[in-house]
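Source file: run.cif; contents: mmCIF, C-alpha atoms and all ligand atoms.
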```
data_coords
#
loop_
_atom_site.label_atom_id
_atom_site.label_comp_id
_atom_site.auth_asym_id
_atom_site.auth_seq_id
_atom_site.Cartn_x
_atom_site.Cartn_y
_atom_site.Cartn_z
CA MET A 1 122.31 93.06 85.43
CA ILE A 2 121.01 96.13 87.06
CA ALA A 3 118.69 98.93 86.13
CA GLY A 4 118.17 102.10 88.10
CA VAL A 5 114.78 103.65 87.43
CA GLY A 6 114.86 106.39 90.05
CA GLU A 7 116.99 109.42 89.32
CA ALA A 8 119.08 107.57 86.74
CA LEU A 9 121.82 107.08 89.32
CA LEU A 10 122.11 103.47 88.24
CA PRO A 11 122.64 102.65 84.58
CA VAL A 12 120.28 100.32 82.73
CA LEU A 13 122.45 97.25 82.20
CA THR A 14 119.77 94.63 81.62
CA PRO A 15 116.51 95.97 80.20
CA ALA A 16 113.53 94.10 81.62
CA SER A 17 112.52 92.86 78.16
CA THR A 18 115.65 90.69 77.83
CA ASN A 19 114.57 88.36 80.63
CA PRO A 20 111.94 85.89 79.31
CA ALA A 21 110.86 84.96 82.86
CA ASN A 22 109.52 88.50 83.28
CA GLU A 23 106.70 87.69 80.86
CA ILE A 24 105.70 84.64 82.91
CA ALA A 25 105.68 86.76 86.06
CA LYS A 26 103.51 89.34 84.33
CA ARG A 27 101.03 86.70 83.24
CA LEU A 28 100.79 85.27 86.75
CA THR A 29 100.86 88.42 88.87
CA GLY A 30 100.39 91.39 86.55
CA ARG A 31 103.95 92.56 87.36
CA ASP A 32 106.98 91.70 85.22
CA TYR A 33 109.29 91.25 88.21
CA MET A 34 109.56 89.79 91.70
CA SER A 35 109.95 91.89 94.82
CA TRP A 36 111.62 90.84 98.05
CA SER A 37 108.31 91.39 99.76
CA ALA A 38 106.66 88.84 97.41
CA LEU A 39 109.45 86.30 97.91
CA SER A 40 109.32 86.74 101.63
CA THR A 41 105.50 86.45 101.71
CA PHE A 42 105.68 83.16 99.83
CA ARG A 43 108.25 81.79 102.27
CA THR A 44 106.08 82.83 105.22
CA CYS A 45 102.87 81.37 103.78
CA PRO A 46 102.41 80.31 100.13
CA LEU A 47 98.62 80.74 100.38
CA LYS A 48 99.00 84.31 101.62
CA TYR A 49 101.25 84.93 98.60
CA LYS A 50 98.55 83.56 96.31
CA PHE A 51 95.83 85.73 97.85
CA ARG A 52 97.95 88.87 97.59
CA TYR A 53 99.96 88.50 94.38
CA ILE A 54 98.06 86.02 92.17
CA ASP A 55 94.43 86.72 93.15
CA GLY A 56 94.99 90.40 94.06
CA LEU A 57 92.62 90.11 97.05
CA PRO A 58 92.39 93.26 99.17
CA GLU A 59 93.42 92.63 102.77
CA GLU A 60 90.60 92.48 105.31
CA SER A 61 92.70 94.41 107.82
CA VAL A 62 96.16 95.89 108.27
CA SER A 63 98.28 95.61 111.40
CA SER A 64 99.21 98.75 113.31
CA ALA A 65 102.82 97.50 113.40
CA LEU A 66 102.98 97.64 109.61
CA VAL A 67 101.58 101.18 109.39
CA PHE A 68 103.75 102.34 112.29
CA GLY A 69 106.89 100.87 110.71
CA THR A 70 106.08 102.55 107.40
CA GLY A 71 105.68 105.89 109.19
CA ILE A 72 109.06 105.62 110.94
CA HIS A 73 110.62 104.55 107.67
CA THR A 74 109.18 107.55 105.85
CA ALA A 75 110.43 109.95 108.53
CA VAL A 76 113.98 108.58 108.63
CA GLU A 77 114.18 108.57 104.85
CA GLN A 78 113.14 112.21 104.80
CA HIS A 79 116.14 112.95 107.02
CA TYR A 80 118.56 111.24 104.62
CA GLN A 81 116.82 112.75 101.60
CA ALA A 82 117.64 116.22 103.00
CA ILE A 83 121.31 115.20 103.32
CA LEU A 84 121.28 113.91 99.73
CA SER A 85 119.69 117.14 98.45
CA GLY A 86 121.88 119.44 100.57
CA ASP A 87 118.77 120.88 102.28
CA PRO A 88 118.59 121.75 105.99
CA LYS A 89 117.90 118.62 108.03
CA PRO A 90 114.23 118.35 109.11
CA ASP A 91 113.51 118.80 112.81
CA LEU A 92 111.39 116.48 114.96
CA ASP A 93 108.12 118.21 113.98
CA ALA A 94 108.86 117.71 110.29
CA LEU A 95 109.75 114.05 110.88
CA MET A 96 106.54 113.51 112.86
CA PHE A 97 104.58 115.06 109.98
CA ALA A 98 106.20 112.50 107.64
CA TYR A 99 105.47 109.69 110.10
CA ARG A 100 101.77 110.63 110.35
CA SER A 101 101.39 110.59 106.57
CA ALA A 102 101.68 106.79 106.64
CA TRP A 103 98.37 106.51 108.54
CA LEU A 104 96.37 108.63 106.10
CA PRO A 105 95.64 106.02 103.39
CA HIS A 106 94.15 103.56 105.91
CA ASP A 107 90.60 103.30 107.20
CA PRO A 108 91.09 103.61 111.00
CA ASP A 109 88.46 100.88 111.55
CA ALA A 110 90.48 98.42 109.44
CA ILE A 111 93.68 98.83 111.48
CA GLN A 112 94.38 96.01 113.98
CA PHE A 113 95.95 97.46 117.13
CA GLY A 114 97.70 95.37 119.79
CA SER A 115 95.84 94.91 123.08
CA THR A 116 97.82 97.66 124.87
CA GLU A 117 98.16 100.04 121.92
CA THR A 118 96.26 103.12 120.80
CA ARG A 119 97.02 105.54 118.00
CA ALA A 120 98.06 108.11 120.65
CA SER A 121 100.43 105.68 122.38
CA LEU A 122 102.05 104.83 119.04
CA ASP A 123 102.44 108.52 118.13
CA ALA A 124 104.18 109.14 121.47
CA LEU A 125 106.46 106.15 120.82
CA ALA A 126 107.26 107.48 117.34
CA ALA A 127 108.29 110.84 118.82
CA ARG A 128 110.64 109.10 121.29
CA MET A 129 112.16 106.93 118.56
CA LEU A 130 112.74 109.82 116.16
CA THR A 131 114.21 111.95 118.96
CA ALA A 132 116.65 109.13 119.73
CA PHE A 133 117.46 108.79 116.03
CA LEU A 134 118.21 112.51 115.62
CA ALA A 135 120.57 112.39 118.63
CA SER A 136 122.36 109.23 117.45
CA PRO A 137 125.53 108.89 115.32
CA ALA A 138 123.33 107.24 112.68
CA ALA A 139 121.79 110.64 111.87
CA SER A 140 125.12 111.59 110.26
CA VAL A 141 126.39 109.87 107.13
CA GLN A 142 129.91 108.51 106.81
CA GLY A 143 130.97 109.35 103.25
CA ARG A 144 128.47 110.26 100.54
CA VAL A 145 124.76 109.53 100.06
CA LEU A 146 124.19 107.99 96.64
CA GLY A 147 120.49 107.31 96.96
CA VAL A 148 117.49 107.23 99.29
CA GLU A 149 114.64 104.85 98.47
CA GLU A 150 116.62 104.18 95.31
CA GLU A 151 114.87 101.89 92.86
CA ILE A 152 116.93 98.94 91.75
CA ARG A 153 116.21 96.15 89.31
CA GLY A 154 118.07 93.30 87.72
CA MET A 155 118.21 89.63 86.87
CA LEU A 156 119.56 87.52 89.71
CA VAL A 157 119.24 84.02 88.29
CA GLU A 158 118.68 82.74 84.75
CA GLY A 159 115.03 81.73 84.33
CA VAL A 160 113.80 83.79 87.31
CA PRO A 161 112.09 87.17 86.89
CA ASP A 162 114.07 90.32 87.68
CA LEU A 163 114.24 91.39 91.28
CA TYR A 164 112.84 94.89 91.72
CA GLY A 165 113.08 96.83 94.95
CA ARG A 166 113.99 100.01 96.72
CA VAL A 167 117.18 100.42 98.70
CA ASP A 168 116.44 102.48 101.82
CA LEU A 169 119.85 104.15 101.82
CA LEU A 170 122.87 103.75 99.58
CA THR A 171 126.16 105.36 100.67
CA GLU A 172 129.82 105.09 99.79
CA ASP A 173 133.17 106.18 101.11
CA SER A 174 136.58 105.89 99.48
CA ASP A 175 136.64 102.09 99.48
CA THR A 176 133.20 100.78 100.58
CA LEU A 177 129.66 100.73 99.17
CA VAL A 178 127.08 100.40 101.94
CA VAL A 179 123.51 99.15 101.38
CA THR A 180 121.33 100.08 104.38
CA ASP A 181 117.94 98.73 105.40
CA ILE A 182 115.95 100.63 108.03
CA LYS A 183 114.01 98.49 110.53
CA THR A 184 111.83 98.97 113.57
CA SER A 185 111.94 96.25 116.21
CA ARG A 186 110.30 95.38 119.54
CA GLY A 187 113.75 94.96 121.08
CA LYS A 188 117.46 94.86 120.42
CA TRP A 189 118.55 92.49 117.68
CA SER A 190 120.58 89.38 118.48
CA GLN A 191 123.40 88.32 116.19
CA GLU A 192 121.18 85.46 114.99
CA GLN A 193 118.50 87.96 114.00
CA VAL A 194 121.06 89.97 112.04
CA GLU A 195 122.17 86.79 110.23
CA ASP A 196 118.61 85.60 109.60
CA SER A 197 117.39 88.96 108.25
CA GLY A 198 120.25 89.57 105.85
CA GLU A 199 119.01 87.95 102.66
CA GLN A 200 117.19 90.96 101.21
CA LEU A 201 120.28 93.11 101.64
CA LEU A 202 122.50 90.41 100.17
CA LEU A 203 120.36 90.41 97.01
CA TYR A 204 120.28 94.19 96.79
CA SER A 205 124.03 94.39 97.34
CA HIS A 206 124.51 91.76 94.62
CA LEU A 207 122.65 94.04 92.20
CA ALA A 208 124.27 97.22 93.50
CA SER A 209 127.80 95.83 93.12
CA GLU A 210 127.89 97.19 89.59
CA ILE A 211 127.48 100.78 90.75
CA SER A 212 131.02 101.03 92.11
CA PRO A 213 133.05 98.10 90.74
CA GLY A 214 136.04 97.19 92.88
CA LYS A 215 134.63 98.64 96.09
CA LYS A 216 134.10 96.50 99.16
CA LEU A 217 130.39 95.68 99.60
CA THR A 218 128.81 96.09 103.01
CA THR A 219 125.28 95.60 104.29
CA ARG A 220 123.97 97.59 107.23
CA PHE A 221 120.80 97.34 109.31
CA LEU A 222 119.74 100.52 111.03
CA VAL A 223 117.38 99.32 113.78
CA LEU A 224 115.17 101.66 115.81
CA THR A 225 113.80 99.79 118.82
CA LYS A 226 110.23 100.32 120.03
CA THR A 227 111.33 100.00 123.64
CA LYS A 228 110.41 102.46 126.39
CA GLU A 229 113.78 104.11 125.86
CA PRO A 230 114.39 103.58 122.15
CA GLN A 231 117.83 102.44 121.04
CA ILE A 232 119.38 103.10 117.64
CA GLU A 233 121.47 100.13 116.55
CA GLU A 234 123.71 99.68 113.54
CA HIS A 235 124.63 96.19 112.38
CA VAL A 236 127.25 96.24 109.65
CA ARG A 237 128.41 93.14 107.74
CA GLU A 238 130.76 92.62 104.85
CA VAL A 239 128.98 90.72 102.06
CA ASN A 240 129.85 87.02 102.05
CA PRO A 241 129.74 85.60 98.47
CA VAL A 242 128.83 82.13 99.82
CA ALA A 243 125.77 83.58 101.57
CA VAL A 244 124.78 85.37 98.34
CA LYS A 245 125.01 82.09 96.41
CA ARG A 246 122.85 80.28 98.96
CA THR A 247 120.26 83.09 98.90
CA LEU A 248 120.11 82.98 95.09
CA ALA A 249 119.47 79.23 95.24
CA GLY A 250 116.55 79.89 97.60
CA VAL A 251 115.12 82.55 95.28
CA GLU A 252 115.19 80.11 92.39
CA ARG A 253 113.36 77.43 94.40
CA VAL A 254 110.67 79.90 95.46
CA TRP A 255 110.11 80.98 91.87
CA ARG A 256 109.88 77.36 90.65
CA ALA A 257 107.19 76.70 93.27
CA ILE A 258 105.23 79.82 92.28
CA GLU A 259 105.50 78.97 88.60
CA SER A 260 104.19 75.46 89.34
CA GLY A 261 101.24 76.77 91.37
CA VAL A 262 102.35 75.24 94.68
CA PHE A 263 100.17 77.20 97.12
CA TYR A 264 99.12 75.93 100.54
CA PRO A 265 98.39 77.44 103.96
CA ALA A 266 101.33 77.50 106.40
CA PRO A 267 99.67 78.51 109.66
CA SER A 268 101.78 79.79 112.55
CA VAL A 269 101.11 82.14 115.45
CA MET A 270 103.53 84.71 114.05
CA ALA A 271 102.22 84.61 110.46
CA CYS A 272 98.49 84.33 111.13
CA SER A 273 98.13 86.91 113.92
CA GLY A 274 98.91 89.80 111.55
CA CYS A 275 97.51 88.24 108.37
CA GLY A 276 94.91 90.26 106.47
CA TYR A 277 93.39 87.16 104.82
CA ARG A 278 92.06 85.19 107.77
CA GLU A 279 88.51 84.90 106.41
CA ALA A 280 89.66 84.02 102.89
CA CYS A 281 92.00 81.45 104.44
CA ARG A 282 89.19 79.81 106.43
CA ALA A 283 87.10 79.63 103.24
CA TRP A 284 89.93 78.09 101.17
CA MET A 285 89.33 74.44 100.31
CA GLY A 286 92.24 73.79 97.96
S1 LIG A 301 95.80 83.08 108.05
FE1 LIG A 301 97.81 82.09 108.27
S2 LIG A 301 97.71 80.22 107.03
FE2 LIG A 301 96.02 81.55 106.40
S3 LIG A 301 96.79 82.74 104.64
FE3 LIG A 301 97.15 83.96 106.47
S4 LIG A 301 99.24 83.42 107.15
FE4 LIG A 301 98.56 81.82 105.73
#
```
Taking this structure as input, can you express it in the form of C-alpha cells?
Amino acid sequence: MIAGVGEALLPVLTPASTNPANEIAKRLTGRDYMSWSALSTFRTCPLKYKFRYIDGLPEESVSSALVFGTGIHTAVEQHYQAILSGDPKPDLDALMFAYRSAWLPHDPDAIQFGSTETRASLDALAARMLTAFLASPAASVQGRVLGVEEEIRGMLVEGVPDLYGRVDLLTEDSDTLVVTDIKTSRGKWSQEQVEDSGEQLLLYSHLASEISPGKKLTTRFLVLTKTKEPQIEEHVREVNPVAVKRTLAGVERVWRAIESGVFYPAPSVMACSGCGYREACRAWMG
C-alpha cells in the first residue's frame, strides 16, 4: 500500500497503476493521485479546490504567511538533511540562505503582506525563529533519521485515488517510528489545535506503518512560533487506530464529492482573507 519514490527508502508495494481511481483523478485534475493539500483545500472551500485543481487557475496573489512558512520549512529541513547525510550542521547564515530561497519564485508585487508586516520584519523574525530552533532540543534527533521531505504514496481507501505527499521528517528509535510535520504558528498550540491538525499525519503514518512493521507509530508536530520570543514546541501523540479510521472515512467522502462535481463557495473570514481567487470567486455564477 505504499510506494517510496524518493531515495528508494520505501519499497513500492502498490504501483499507482493498480488503483483504478487514479485514472479518474488524472482525468479530472491532471494528476493520478490526491494530496493532503488538495483534500484540505476542498474541505476549506470546494470552489477554491475547483479553481486550483480542476481549472488550474493561477492565483491572483500569494500570502506572505505562506511564503514565510515555506522558507522556515526549507531551512529546518536543510538542518535535518545534514544530519541524515552526516554533513556538518548548517549555521544560522546557511539556514537564512535556505529561508530566503522561498521568496525568489514570487513576484514581490503579488505577495499580500499583513498590515504590520514588511519583508524586512519577516526576515528578522525568521532569524529569531531559526536561532531559537538551533538552540532547542528539537535540533537534535532521538534515534535515526530515515528521511527528510520523503515522498510517500499509497492507496488509503478502495475506490479513492492514492494519497501522495512528502513527510517532513521520518525518524525511528529501537521501538518507535515517528512521523514529524513542521509548522509555523502565530502562537503556542492548544491541545485542541494539536487534535484538530492531526489528520494529515495520521494518514501519512498509516502509509508509513509498512516501513517498520511491529514498531509503535507516533506522530509529532514541531511548531516554531512567530511570537516576539519564538518558542519551539514538540507535540507527540501515539497513533490512535480509531482516529485513523474516522479520517479515512472523511477522505472517502471528500473524494466522492469531487468525483460528483460538488463545488460551491464556502466563504469565511479565515479562508477568504488569504485566498488567491477572490476575483474569480466574485465572477463565479455557478
Ligand atoms: S474567496 Fe472565499 S469563498 Fe471564494 S473561492 Fe476563495 S475561499 Fe472560497
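Using only C-alpha atoms for every distance, the candidate list A:Asn22, A:Leu169, A:Phe68, A:Met34 yields A:Phe68 as the residue closest to Phe113 of chain A.
Across the model, the gap from atom CA of Phe97 of chain A to atom CA of Thr74 of chain A is 9.7 Å.
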Calculated over only C-alpha atoms and all ligand atoms, which of the candidates A:Glu23, A:Glu279, A:Asp123, A:Asp181 has the smallest distance to ligand LIG 301 (chain A)?
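Residue with the minimum atom-to-atom distance to ligand LIG 301 (chain A): A:Glu279.
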Cut-off 10 Å, only C-alpha atoms and all ligand atoms, neighbours of ligand LIG 301 (chain A) as a PyMOL selection string
chain A and resi 41-42+44-52+263-284
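Distances to Glu195 of chain A were evaluated for A:Val239, A:Leu28, A:Val148, A:Ala132 using all atoms listed in the file, and the minimum falls at A:Val239.
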For segment 30-58 of chain A, supply N, CA and C atoms and format the output as a CSV table (one decimal), keeping the file's coordinate frame.
```
chain,number,residue,atom,x,y,z
A,30,GLY,N,100.6,90.0,87.1
A,30,GLY,CA,100.4,91.4,86.6
A,30,GLY,C,101.6,92.3,86.7
A,31,ARG,N,102.7,91.8,87.2
A,31,ARG,CA,104.0,92.6,87.4
A,31,ARG,C,105.1,91.8,86.7
A,32,ASP,N,105.9,92.4,86.0
A,32,ASP,CA,107.0,91.7,85.2
A,32,ASP,C,108.3,91.6,86.0
A,33,TYR,N,108.1,91.4,87.3
A,33,TYR,CA,109.3,91.2,88.2
A,33,TYR,C,108.8,90.6,89.5
A,34,MET,N,109.8,90.3,90.3
A,34,MET,CA,109.6,89.8,91.7
A,34,MET,C,110.1,90.8,92.7
A,35,SER,N,109.4,91.0,93.8
A,35,SER,CA,110.0,91.9,94.8
A,35,SER,C,110.4,91.0,96.0
A,36,TRP,N,111.2,91.6,96.8
A,36,TRP,CA,111.6,90.8,98.0
A,36,TRP,C,110.4,90.6,98.9
A,37,SER,N,109.5,91.5,99.0
A,37,SER,CA,108.3,91.4,99.8
A,37,SER,C,107.5,90.2,99.3
A,38,ALA,N,107.4,90.0,98.0
A,38,ALA,CA,106.7,88.8,97.4
A,38,ALA,C,107.4,87.5,97.8
A,39,LEU,N,108.7,87.5,97.6
A,39,LEU,CA,109.4,86.3,97.9
A,39,LEU,C,109.3,85.9,99.4
A,40,SER,N,109.4,87.0,100.2
A,40,SER,CA,109.3,86.7,101.6
A,40,SER,C,107.9,86.3,102.1
A,41,THR,N,106.9,86.9,101.4
A,41,THR,CA,105.5,86.4,101.7
A,41,THR,C,105.3,85.0,101.4
A,42,PHE,N,105.8,84.6,100.2
A,42,PHE,CA,105.7,83.2,99.8
A,42,PHE,C,106.4,82.3,100.9
A,43,ARG,N,107.5,82.7,101.3
A,43,ARG,CA,108.2,81.8,102.3
A,43,ARG,C,107.5,81.7,103.6
A,44,THR,N,106.8,82.8,104.0
A,44,THR,CA,106.1,82.8,105.2
A,44,THR,C,104.8,82.0,105.1
A,45,CYS,N,104.1,82.1,104.0
A,45,CYS,CA,102.9,81.4,103.8
A,45,CYS,C,102.5,81.4,102.3
A,46,PRO,N,102.7,80.3,101.6
A,46,PRO,CA,102.4,80.3,100.1
A,46,PRO,C,101.0,80.7,99.8
A,47,LEU,N,100.0,80.4,100.7
A,47,LEU,CA,98.6,80.7,100.4
A,47,LEU,C,98.4,82.3,100.5
A,48,LYS,N,99.1,82.9,101.5
A,48,LYS,CA,99.0,84.3,101.6
A,48,LYS,C,99.6,85.0,100.4
A,49,TYR,N,100.7,84.4,99.8
A,49,TYR,CA,101.2,84.9,98.6
A,49,TYR,C,100.2,84.9,97.5
A,50,LYS,N,99.5,83.7,97.4
A,50,LYS,CA,98.6,83.6,96.3
A,50,LYS,C,97.4,84.6,96.4
A,51,PHE,N,96.9,84.8,97.7
A,51,PHE,CA,95.8,85.7,97.8
A,51,PHE,C,96.3,87.1,97.4
A,52,ARG,N,97.5,87.5,97.8
A,52,ARG,CA,98.0,88.9,97.6
A,52,ARG,C,98.4,89.1,96.2
A,53,TYR,N,99.3,88.2,95.6
A,53,TYR,CA,100.0,88.5,94.4
A,53,TYR,C,99.3,87.8,93.2
A,54,ILE,N,98.7,86.7,93.3
A,54,ILE,CA,98.1,86.0,92.2
A,54,ILE,C,96.6,86.5,92.0
A,55,ASP,N,95.9,86.4,93.2
A,55,ASP,CA,94.4,86.7,93.2
A,55,ASP,C,94.2,88.2,93.3
A,56,GLY,N,95.2,89.0,93.9
A,56,GLY,CA,95.0,90.4,94.1
A,56,GLY,C,93.9,90.7,95.0
A,57,LEU,N,93.7,89.9,96.1
A,57,LEU,CA,92.6,90.1,97.0
A,57,LEU,C,93.0,91.3,98.0
A,58,PRO,N,92.1,92.2,98.2
A,58,PRO,CA,92.4,93.3,99.2
A,58,PRO,C,92.4,92.7,100.6
```
